[in-house]
$ cat work30.cif   # mmCIF, C-alpha atoms
data_final
#
loop_
_atom_site.label_atom_id
_atom_site.label_comp_id
_atom_site.auth_asym_id
_atom_site.auth_seq_id
_atom_site.Cartn_x
_atom_site.Cartn_y
_atom_site.Cartn_z
CA MET A 1202 26.16 -10.61 24.09
CA ALA A 1203 26.53 -10.64 20.31
CA ASP A 1204 26.45 -7.26 18.63
CA LYS A 1205 25.05 -8.45 15.30
CA VAL A 1206 22.25 -10.79 14.26
CA LYS A 1207 23.19 -13.24 11.52
CA PHE A 1208 20.62 -13.20 8.72
CA GLY A 1209 19.94 -15.46 5.77
CA ILE A 1210 17.88 -14.53 2.72
CA ILE A 1211 15.30 -16.91 1.24
CA GLY A 1212 14.82 -16.17 -2.45
CA THR A 1213 17.27 -14.27 -4.62
CA GLY A 1214 15.01 -12.42 -7.05
CA ALA A 1215 14.86 -8.67 -7.58
CA ILE A 1216 13.75 -7.60 -4.09
CA ALA A 1217 16.48 -9.73 -2.48
CA THR A 1218 18.99 -7.17 -3.68
CA MET A 1219 17.30 -4.58 -1.44
CA HIS A 1220 17.56 -6.99 1.48
CA ALA A 1221 21.23 -7.71 0.85
CA GLU A 1222 22.13 -4.03 0.52
CA ALA A 1223 20.16 -3.20 3.67
CA LEU A 1224 21.97 -5.94 5.59
CA ARG A 1225 25.31 -4.69 4.28
CA ASP A 1226 24.58 -1.24 5.69
CA ALA A 1227 22.88 -2.29 8.93
CA LYS A 1228 24.81 -1.56 12.13
CA ASN A 1229 23.54 -4.57 14.08
CA ALA A 1230 22.91 -7.24 11.44
CA GLU A 1231 24.88 -9.11 8.80
CA LEU A 1232 24.16 -11.41 5.88
CA THR A 1233 25.69 -14.87 6.23
CA ALA A 1234 23.86 -17.13 3.76
CA VAL A 1235 21.25 -17.33 1.02
CA PHE A 1236 18.90 -20.02 -0.25
CA ASP A 1237 17.07 -20.27 -3.54
CA GLN A 1238 15.53 -23.30 -5.20
CA VAL A 1239 17.41 -22.28 -8.36
CA THR A 1240 20.91 -23.26 -7.28
CA GLU A 1241 22.84 -21.32 -9.91
CA ARG A 1242 20.96 -18.12 -9.15
CA ALA A 1243 21.68 -18.54 -5.44
CA LYS A 1244 25.38 -19.12 -6.12
CA ALA A 1245 25.66 -16.01 -8.29
CA PHE A 1246 23.88 -13.92 -5.65
CA ALA A 1247 26.03 -15.33 -2.85
CA GLU A 1248 29.22 -14.64 -4.79
CA LYS A 1249 28.17 -11.02 -5.35
CA TYR A 1250 27.71 -10.46 -1.61
CA ASN A 1251 30.52 -12.76 -0.45
CA VAL A 1252 28.32 -15.11 1.57
CA ARG A 1253 27.43 -18.81 1.44
CA ALA A 1254 24.83 -20.30 -0.88
CA ILE A 1255 23.03 -23.25 0.71
CA ASP A 1256 21.20 -25.43 -1.82
CA ASN A 1257 19.20 -27.52 0.67
CA PHE A 1258 16.37 -25.79 2.50
CA GLU A 1259 16.49 -28.08 5.54
CA GLU A 1260 20.22 -27.52 5.85
CA PHE A 1261 19.65 -23.77 5.57
CA LEU A 1262 17.09 -23.84 8.40
CA ASN A 1263 19.38 -25.95 10.61
CA ASP A 1264 22.38 -23.68 10.12
CA LYS A 1265 23.35 -22.10 13.46
CA ASN A 1266 24.93 -19.18 11.61
CA VAL A 1267 21.45 -18.18 10.43
CA GLU A 1268 19.55 -16.70 13.37
CA ALA A 1269 16.97 -14.79 11.35
CA VAL A 1270 15.76 -14.81 7.77
CA THR A 1271 14.38 -12.32 5.32
CA ILE A 1272 11.80 -13.70 2.91
CA ALA A 1273 12.15 -12.43 -0.65
CA THR A 1274 10.26 -15.08 -2.61
CA PRO A 1275 7.14 -14.50 -4.71
CA THR A 1276 4.19 -13.73 -2.43
CA GLY A 1277 2.44 -17.05 -2.90
CA VAL A 1278 5.50 -18.87 -1.52
CA HIS A 1279 5.85 -16.77 1.64
CA GLY A 1280 3.92 -19.09 3.91
CA LYS A 1281 5.58 -22.19 2.50
CA VAL A 1282 8.97 -20.96 3.67
CA ALA A 1283 7.94 -18.74 6.60
CA VAL A 1284 6.12 -21.47 8.53
CA PRO A 1285 9.01 -23.98 8.54
CA ALA A 1286 11.48 -21.17 9.23
CA ALA A 1287 9.47 -20.08 12.27
CA LEU A 1288 9.12 -23.66 13.46
CA ALA A 1289 12.91 -23.98 13.13
CA GLY A 1290 13.28 -21.06 15.52
CA LYS A 1291 14.30 -18.41 13.00
CA HIS A 1292 13.11 -14.83 13.45
CA LEU A 1293 11.48 -13.44 10.30
CA LEU A 1294 11.41 -10.31 8.19
CA CYS A 1295 8.82 -10.98 5.50
CA GLU A 1296 8.24 -8.92 2.37
CA LYS A 1297 4.84 -7.45 1.71
CA PRO A 1298 2.24 -8.82 1.49
CA LEU A 1299 2.70 -11.56 4.08
CA ASP A 1300 0.86 -13.95 1.75
CA THR A 1301 -1.96 -14.01 -0.77
CA THR A 1302 -4.86 -14.75 1.62
CA VAL A 1303 -5.78 -14.02 5.21
CA GLU A 1304 -5.91 -17.74 5.93
CA LYS A 1305 -2.29 -18.22 4.82
CA VAL A 1306 -1.20 -15.18 6.82
CA ASP A 1307 -2.87 -16.65 9.91
CA GLU A 1308 -0.85 -19.86 9.46
CA ILE A 1309 2.39 -17.84 9.54
CA ILE A 1310 1.27 -15.96 12.65
CA ALA A 1311 0.33 -19.22 14.38
CA ALA A 1312 3.76 -20.72 13.66
CA CYS A 1313 5.50 -17.65 15.12
CA ASP A 1314 3.25 -17.78 18.19
CA LYS A 1315 4.05 -21.46 18.69
CA THR A 1316 7.83 -20.99 18.83
CA GLY A 1317 7.95 -17.44 20.16
CA VAL A 1318 10.03 -16.06 17.31
CA LEU A 1319 9.68 -12.45 16.23
CA MET A 1320 8.26 -11.59 12.82
CA MET A 1321 8.28 -8.17 11.22
CA SER A 1322 6.26 -7.27 8.13
CA VAL A 1323 8.02 -5.11 5.54
CA PHE A 1324 6.16 -1.81 5.63
CA GLN A 1325 9.08 0.59 5.65
CA SER A 1326 6.86 3.62 5.01
CA ARG A 1327 5.75 3.48 8.64
CA PHE A 1328 9.28 4.49 9.63
CA VAL A 1329 9.23 7.69 7.58
CA LYS A 1330 9.44 10.67 9.93
CA ASN A 1331 6.69 12.61 8.16
CA VAL A 1332 4.33 9.66 8.57
CA GLY A 1333 5.13 9.72 12.28
CA LEU A 1334 4.47 13.45 12.35
CA ILE A 1335 0.98 12.95 10.91
CA LYS A 1336 0.31 10.09 13.32
CA GLN A 1337 1.28 12.30 16.26
CA ALA A 1338 -1.10 15.05 15.08
CA ILE A 1339 -3.94 12.53 14.80
CA ASP A 1340 -3.26 11.09 18.25
CA ALA A 1341 -3.13 14.64 19.68
CA GLY A 1342 -6.59 15.39 18.27
CA ARG A 1343 -5.40 18.22 16.02
CA PHE A 1344 -7.71 17.15 13.16
CA GLY A 1345 -10.84 17.37 15.27
CA ARG A 1346 -13.35 14.85 13.90
CA ILE A 1347 -11.60 12.96 11.12
CA VAL A 1348 -14.00 12.74 8.18
CA LEU A 1349 -12.04 11.59 5.10
CA VAL A 1350 -8.86 9.48 4.81
CA SER A 1351 -7.99 8.55 1.22
CA CYS A 1352 -5.09 7.55 -1.01
CA GLN A 1353 -4.02 7.49 -4.63
CA CYS A 1354 -1.32 5.19 -5.99
CA LYS A 1355 -1.35 5.99 -9.70
CA TRP A 1356 1.76 4.14 -10.79
CA PHE A 1357 2.99 2.67 -14.04
CA ARG A 1358 4.39 -0.74 -14.92
CA THR A 1359 5.40 -1.77 -18.41
CA GLN A 1360 4.15 -4.88 -20.14
CA GLU A 1361 7.75 -6.12 -19.93
CA TYR A 1362 7.54 -5.91 -16.13
CA TYR A 1363 4.70 -8.42 -16.06
CA ASP A 1364 6.32 -10.57 -18.73
CA SER A 1365 9.65 -10.71 -16.86
CA ALA A 1366 8.57 -13.51 -14.50
CA THR A 1367 5.86 -16.14 -14.85
CA TRP A 1368 4.53 -15.53 -11.34
CA ARG A 1369 3.83 -11.84 -11.90
CA GLY A 1370 0.19 -10.98 -12.43
CA THR A 1371 -1.12 -14.34 -11.17
CA TRP A 1372 -3.55 -14.88 -8.32
CA ALA A 1373 -1.65 -17.89 -7.01
CA LEU A 1374 1.77 -16.26 -6.64
CA ASP A 1375 1.23 -12.49 -6.86
CA GLY A 1376 -2.00 -12.53 -4.87
CA GLY A 1377 -3.40 -9.60 -6.84
CA GLY A 1378 -2.25 -6.69 -8.94
CA ALA A 1379 -2.12 -2.92 -8.52
CA LEU A 1380 -3.52 -3.16 -4.98
CA MET A 1381 -1.80 -6.21 -3.49
CA ASN A 1382 1.58 -5.63 -5.09
CA GLN A 1383 2.03 -1.89 -5.67
CA SER A 1384 -0.49 0.00 -3.50
CA ILE A 1385 -0.20 -2.11 -0.36
CA HIS A 1386 2.30 0.20 1.40
CA THR A 1387 -0.06 3.14 0.93
CA ILE A 1388 -3.07 1.08 1.99
CA ASP A 1389 -1.22 0.00 5.11
CA LEU A 1390 -0.65 3.64 6.02
CA LEU A 1391 -4.38 4.41 5.80
CA GLN A 1392 -5.15 1.95 8.58
CA TYR A 1393 -2.01 2.77 10.53
CA LEU A 1394 -3.08 6.41 10.64
CA ASN A 1395 -6.86 6.13 11.00
CA GLY A 1396 -7.58 2.65 12.29
CA ASP A 1397 -9.27 -0.33 10.71
CA VAL A 1398 -11.71 -0.21 7.82
CA GLU A 1399 -15.08 -1.76 8.61
CA GLU A 1400 -16.64 -2.10 5.14
CA VAL A 1401 -15.62 -1.67 1.50
CA SER A 1402 -17.33 -1.32 -1.88
CA ALA A 1403 -15.08 -1.70 -4.90
CA ALA A 1404 -14.54 -2.16 -8.61
CA THR A 1405 -11.46 -3.48 -10.40
CA ALA A 1406 -10.43 -3.87 -14.03
CA THR A 1407 -7.55 -4.95 -16.26
CA LEU A 1408 -7.26 -2.14 -18.77
CA SER A 1409 -3.76 -1.74 -20.19
CA HIS A 1410 -1.83 -4.99 -19.76
CA THR A 1411 -2.25 -8.37 -21.43
CA GLY A 1412 -1.60 -11.88 -20.21
CA ILE A 1413 -2.25 -11.15 -16.52
CA GLU A 1414 -5.02 -12.55 -14.32
CA VAL A 1415 -5.15 -9.66 -11.87
CA GLU A 1416 -6.24 -6.03 -11.88
CA ASP A 1417 -4.13 -3.13 -13.09
CA ASN A 1418 -6.74 -0.59 -11.93
CA ALA A 1419 -8.94 -0.48 -8.84
CA VAL A 1420 -11.13 1.90 -6.86
CA ALA A 1421 -12.68 1.36 -3.45
CA ILE A 1422 -14.97 3.27 -1.09
CA LEU A 1423 -14.09 2.82 2.57
CA LYS A 1424 -16.10 3.06 5.77
CA TYR A 1425 -13.74 3.15 8.76
CA LYS A 1426 -14.66 1.83 12.19
CA ASN A 1427 -14.32 5.35 13.61
CA GLY A 1428 -16.99 6.63 11.21
CA ALA A 1429 -14.71 8.33 8.69
CA LEU A 1430 -15.04 7.66 4.97
CA GLY A 1431 -12.37 7.36 2.29
CA THR A 1432 -11.33 6.12 -1.11
CA ILE A 1433 -8.49 4.11 -2.63
CA GLU A 1434 -7.32 4.50 -6.21
CA GLY A 1435 -4.65 2.06 -7.33
CA SER A 1436 -3.18 1.60 -10.78
CA THR A 1437 -0.20 0.36 -12.76
CA SER A 1438 -1.52 1.95 -15.96
CA CYS A 1439 -0.87 5.65 -15.32
CA GLN A 1440 2.03 6.70 -17.56
CA PRO A 1441 4.61 7.79 -16.45
CA GLY A 1442 3.71 7.07 -12.82
CA PHE A 1443 2.90 9.66 -10.18
CA PRO A 1444 3.82 10.14 -6.51
CA ARG A 1445 1.56 8.27 -4.15
CA ARG A 1446 -0.77 10.56 -2.23
CA ILE A 1447 -2.46 10.29 1.16
CA GLU A 1448 -5.00 12.83 2.37
CA VAL A 1449 -6.26 13.12 5.95
CA SER A 1450 -9.07 15.63 6.44
CA GLY A 1451 -10.88 16.62 9.61
CA SER A 1452 -13.14 19.28 11.07
CA LYS A 1453 -10.15 21.21 12.43
CA GLY A 1454 -7.37 20.45 9.95
CA SER A 1455 -6.13 18.68 6.84
CA VAL A 1456 -2.82 17.19 5.69
CA VAL A 1457 -1.62 15.86 2.35
CA LEU A 1458 1.41 13.58 2.04
CA GLU A 1459 2.85 13.11 -1.46
CA ASP A 1460 5.41 10.30 -1.54
CA ASN A 1461 7.07 11.20 1.76
CA LYS A 1462 6.80 14.97 1.51
CA ILE A 1463 4.10 16.95 3.28
CA ILE A 1464 2.57 19.33 0.74
CA ARG A 1465 -0.33 20.56 2.90
CA TRP A 1466 -0.34 21.08 6.66
CA GLN A 1467 -3.22 23.28 7.81
CA PHE A 1468 -4.93 23.37 11.19
CA VAL A 1469 -7.45 25.74 12.77
CA ASP A 1470 -5.35 25.86 15.91
CA GLU A 1471 -1.79 26.71 14.83
CA GLU A 1472 1.16 25.49 16.87
CA ALA A 1473 4.81 26.41 16.97
CA GLY A 1474 6.60 24.63 14.16
CA ASP A 1475 3.65 24.42 11.78
CA GLU A 1476 5.03 27.04 9.42
CA ALA A 1477 8.43 25.33 9.35
CA ILE A 1478 6.72 22.06 8.42
CA ARG A 1479 4.94 23.81 5.54
CA GLN A 1480 8.14 25.47 4.34
CA ASN A 1481 10.28 22.34 4.56
CA GLY A 1482 7.77 19.73 3.45
CA GLY A 1483 7.91 18.11 6.86
CA ILE A 1484 10.81 16.92 8.96
CA GLY A 1485 13.74 14.57 8.54
CA GLU A 1486 15.12 12.65 5.66
CA VAL A 1487 13.25 10.53 3.13
CA ILE A 1488 14.08 6.86 3.81
CA SER A 1489 11.82 5.29 1.19
CA GLY A 1490 9.68 6.32 -1.73
CA GLY A 1491 9.85 6.34 -5.47
CA GLY A 1492 8.92 3.30 -7.50
CA ALA A 1493 6.09 5.10 -9.27
CA GLY A 1494 7.40 4.16 -12.69
CA ASP A 1495 10.22 1.74 -11.88
CA PRO A 1496 9.91 -0.95 -9.16
CA MET A 1497 13.63 -0.85 -8.46
CA ALA A 1498 13.86 2.95 -8.22
CA ILE A 1499 13.71 2.83 -4.45
CA SER A 1500 16.33 3.11 -1.75
CA SER A 1501 17.30 0.19 0.50
CA ASN A 1502 17.33 2.58 3.48
CA GLY A 1503 13.78 1.71 4.45
CA HIS A 1504 14.63 -1.99 4.60
CA ARG A 1505 17.78 -1.15 6.58
CA VAL A 1506 15.76 0.72 9.21
CA GLN A 1507 13.38 -2.21 9.58
CA ILE A 1508 16.20 -4.77 9.76
CA GLU A 1509 17.96 -2.72 12.42
CA SER A 1510 14.72 -2.45 14.40
CA LEU A 1511 14.14 -6.22 14.25
CA ALA A 1512 17.78 -6.97 15.08
CA GLU A 1513 17.65 -4.67 18.10
CA ALA A 1514 14.55 -6.48 19.35
CA ILE A 1515 16.27 -9.85 18.92
CA LEU A 1516 19.47 -8.74 20.63
CA SER A 1517 17.61 -7.20 23.56
CA GLY A 1518 15.36 -10.23 24.03
CA GLN A 1519 12.06 -8.51 23.30
CA LYS A 1520 9.02 -10.76 23.19
CA LYS A 1521 6.88 -8.50 20.98
CA ILE A 1522 7.43 -5.86 18.31
CA GLU A 1523 5.08 -3.22 16.99
CA LEU A 1524 5.05 -4.07 13.28
CA ASP A 1525 4.43 -7.79 13.68
CA GLY A 1526 2.45 -10.36 11.72
CA ARG A 1527 -0.89 -9.17 13.04
CA GLU A 1528 -0.12 -5.66 11.84
CA GLY A 1529 0.90 -7.03 8.43
CA ARG A 1530 -2.36 -8.98 8.29
CA ARG A 1531 -4.47 -5.79 8.35
CA ALA A 1532 -3.56 -4.66 4.83
CA VAL A 1533 -4.02 -8.16 3.39
CA ALA A 1534 -7.46 -8.43 5.00
CA LEU A 1535 -8.54 -5.09 3.58
CA ILE A 1536 -7.26 -5.81 0.06
CA CYS A 1537 -8.82 -9.28 -0.02
CA SER A 1538 -12.13 -7.70 1.02
CA ILE A 1539 -11.80 -5.18 -1.80
CA TYR A 1540 -11.29 -8.02 -4.27
CA LYS A 1541 -14.35 -9.85 -2.90
CA SER A 1542 -16.47 -6.72 -3.24
CA ALA A 1543 -15.30 -6.21 -6.82
CA GLN A 1544 -16.09 -9.83 -7.67
CA THR A 1545 -19.54 -9.86 -6.05
CA GLY A 1546 -20.59 -6.28 -6.73
CA LYS A 1547 -21.62 -5.93 -3.09
CA PRO A 1548 -20.24 -4.19 0.02
CA VAL A 1549 -18.01 -6.48 2.10
CA LYS A 1550 -17.21 -6.40 5.81
CA VAL A 1551 -13.48 -6.50 6.60
CA ASN A 1552 -12.31 -9.05 9.15
#
$ encode --input "work30.cif" --output "structure tokens"
Amino acid sequence: MADKVKFGIIGTGAIATMHAEALRDAKNAELTAVFDQVTERAKAFAEKYNVRAIDNFEEFLNDKNVEAVTIATPTGVHGKVAVPAALAGKHLLCEKPLDTTVEKVDEIIAACDKTGVLMMSVFQSRFVKNVGLIKQAIDAGRFGRIVLVSCQCKWFRTQEYYDSATWRGTWALDGGGALMNQSIHTIDLLQYLNGDVEEVSAATATLSHTGIEVEDNAVAILKYKNGALGTIEGSTSCQPGFPRRIEVSGSKGSVVLEDNKIIRWQFVDEEAGDEAIRQNGGIGEVISGGGAGDPMAISSNGHRVQIESLAEAILSGQKKIELDGREGRRAVALICSIYKSAQTGKPVKVN
């Protein structure tokens, strides 16, 4: 049995660098080829990482030395490349969000179901050990009745950031603004920790950037299916950018996660290890985080962990993985419902 999965990268923009570096460091995966519709950009990227640049998409998909692909195109192109890649039998690692609408995400999922390929959504924050620690406490019932689960993602992006590429800040290719692009990892964690949101009420605005179609500020009130309430605050206007924050509060305990560090860990019923968690800010290393003021100020370690997880599933012949397309769909469905509520001024059911 092969000991490494051969990956290709589709799209060679900024985030593709994270994918390439993660593949370089992965123990069970390797980068073999790249494709980009801009041939010269693909060649320069391929030369940097000493791999092949393939300038024909059909040829790229038929290449037997490409067993899986990572998708690093603008969001609005994800489905256009993911569906044919899945139908060609390639396993997928797709950047967040999976696409700009739930309907497009469902098309990707259907293509993967048809051919039986594995698809993993890029939500590397789920692999952070402190997130797992909070999830374990929730599952163990340590919070009692969970009453509030909220997040803040008060980040900053310059005007130059939006001006740097024509697709940025557009509905068609970015799919949204401060929520869909920047806050989506944090929003994913809300539902990962506390379950699906049932209904949202929201408001959005464009307050500090020009020339963009989408929001740079948003607030939402959440009603979860388990009865808890919560809020989302997302922004790319908050100079200089602050650590993202998740708060889980219950009748018997509360926790606050700031970036990937636990800054509050209090329960009515203390257990062995609780004080050490408070003193150390949690457990384990930080594998992702940052990006509050600079989109590239993040480590590739989170992508590496996800690539290794997907590669292990491929090598071992698994038929299903935990963080699949249906899991990736949840955050897109919630954010699209927030946008609909903001546009209509009415509460919206999430589905």
$ closest_atom_pairs --input "work30.cif" --of "segment 1204-1301 of chain A" --to "segment 1530-1545 of chain A" --cutoff "10 Å" --atoms "only C-alpha atoms" --output "tab-separated table"
residue	atom	partner	partner_atom	distance
A:Lys1297	CA	A:Val1533	CA	9.0
A:Pro1298	CA	A:Val1533	CA	6.6
A:Leu1299	CA	A:Arg1530	CA	7.1
A:Asp1300	CA	A:Val1533	CA	7.7
A:Thr1301	CA	A:Val1533	CA	7.5
$ closest_residue --input "work30.cif" --among "A:Leu1511, A:Ala1366, A:Leu1349, A:Ala1419" --to "Ala1379 of chain A" --atoms "only C-alpha atoms"
A:Ala1419
$ atom_distance --input "work30.cif" --atom1 "atom CA of Ser1452 of chain A" --atom2 "atom CA of Gln1337 of chain A"
16.8 Å
$ closest_residue --input "work30.cif" --among "A:Glu1448, A:Asp1397, A:Glu1222, A:Asp1375" --to "Glu1416 of chain A" --atoms "all atoms listed in the file"
A:Asp1375
$ resolve_selection --input "work30.cif" --expression "the PyMOL selection byres ((chain A and resi 1294) around 8)" --output "VMD selection string"
chain A and resid 1269 to 1272 1292 to 1293 1295 to 1296 1320 to 1323 1508 1511
$ closest_residue --input "work30.cif" --among "A:Asp1389, A:Glu1241, A:Glu1523, A:Glu1414" --to "Ile1255 of chain A" --atoms "only C-alpha atoms"
A:Glu1241
$ resolve_selection --input "work30.cif" --expression "the PyMOL selection byres ((chain A and resi 1372) around 10)" --output "MDAnalysis selection string"
chainID A and resid 1276:1277 1301 1368:1371 1373:1378 1413:1416
$ write_last_selection --input "work30.cif" --atoms "C-alpha atoms" --output "PDB file, in the frame of the given file"
ATOM      1  CA  THR A1276       4.190 -13.730  -2.430  1.00  0.00           C
ATOM      2  CA  GLY A1277       2.440 -17.050  -2.900  1.00  0.00           C
ATOM      3  CA  THR A1301      -1.960 -14.010  -0.770  1.00  0.00           C
ATOM      4  CA  TRP A1368       4.530 -15.530 -11.340  1.00  0.00           C
ATOM      5  CA  ARG A1369       3.830 -11.840 -11.900  1.00  0.00           C
ATOM      6  CA  GLY A1370       0.190 -10.980 -12.430  1.00  0.00           C
ATOM      7  CA  THR A1371      -1.120 -14.340 -11.170  1.00  0.00           C
ATOM      8  CA  ALA A1373      -1.650 -17.890  -7.010  1.00  0.00           C
ATOM      9  CA  LEU A1374       1.770 -16.260  -6.640  1.00  0.00           C
ATOM     10  CA  ASP A1375       1.230 -12.490  -6.860  1.00  0.00           C
ATOM     11  CA  GLY A1376      -2.000 -12.530  -4.870  1.00  0.00           C
ATOM     12  CA  GLY A1377      -3.400  -9.600  -6.840  1.00  0.00           C
ATOM     13  CA  GLY A1378      -2.250  -6.690  -8.940  1.00  0.00           C
ATOM     14  CA  ILE A1413      -2.250 -11.150 -16.520  1.00  0.00           C
ATOM     15  CA  GLU A1414      -5.020 -12.550 -14.320  1.00  0.00           C
ATOM     16  CA  VAL A1415      -5.150  -9.660 -11.870  1.00  0.00           C
ATOM     17  CA  GLU A1416      -6.240  -6.030 -11.880  1.00  0.00           C
TER      18      GLU A1416
END
$ atom_distance --input "work30.cif" --atom1 "atom CA of Ile1388 of chain A" --atom2 "atom CA of Gly1442 of chain A"
17.4 Å
$ residues_around --input "work30.cif" --residues "Asp1417 of chain A" --least-positions-apart "3" --cutoff "10 Å" --atoms "all atoms listed in the file" --output "PyMOL selection string"
chain A and resi 1356-1358+1370+1377-1380+1383+1405-1410+1413-1414+1435-1439
$ axis_aligned_box --input "work30.cif" --around "segment 1398-1416 of chain A" --padding-each-side "4 Å" --output "JSON"
{"center_x": -9.5, "center_y": -6.4, "center_z": -6.4, "size_x": 23.7, "size_y": 20.3, "size_z": 38.0}
$ atom_distance --input "work30.cif" --atom1 "atom CA of Arg1446 of chain A" --atom2 "atom CA of Cys1354 of chain A"
6.6 Å
$ resolve_selection --input "work30.cif" --expression "the PyMOL selection byres ((chain A and resi 1244) around 12)" --output "PyMOL selection string"
chain A and resi 1212-1213+1234-1243+1245-1256
$ closest_residue --input "work30.cif" --among "A:Tyr1425, A:Phe1443, A:Phe1324, A:Tyr1363" --to "His1386 of chain A" --atoms "all atoms listed in the file"
A:Phe1324
$ closest_residue --input "work30.cif" --among "A:Leu1334, A:Val1551, A:Ile1433, A:Leu1288" --to "Gly1474 of chain A" --atoms "all atoms listed in the file"
A:Leu1334
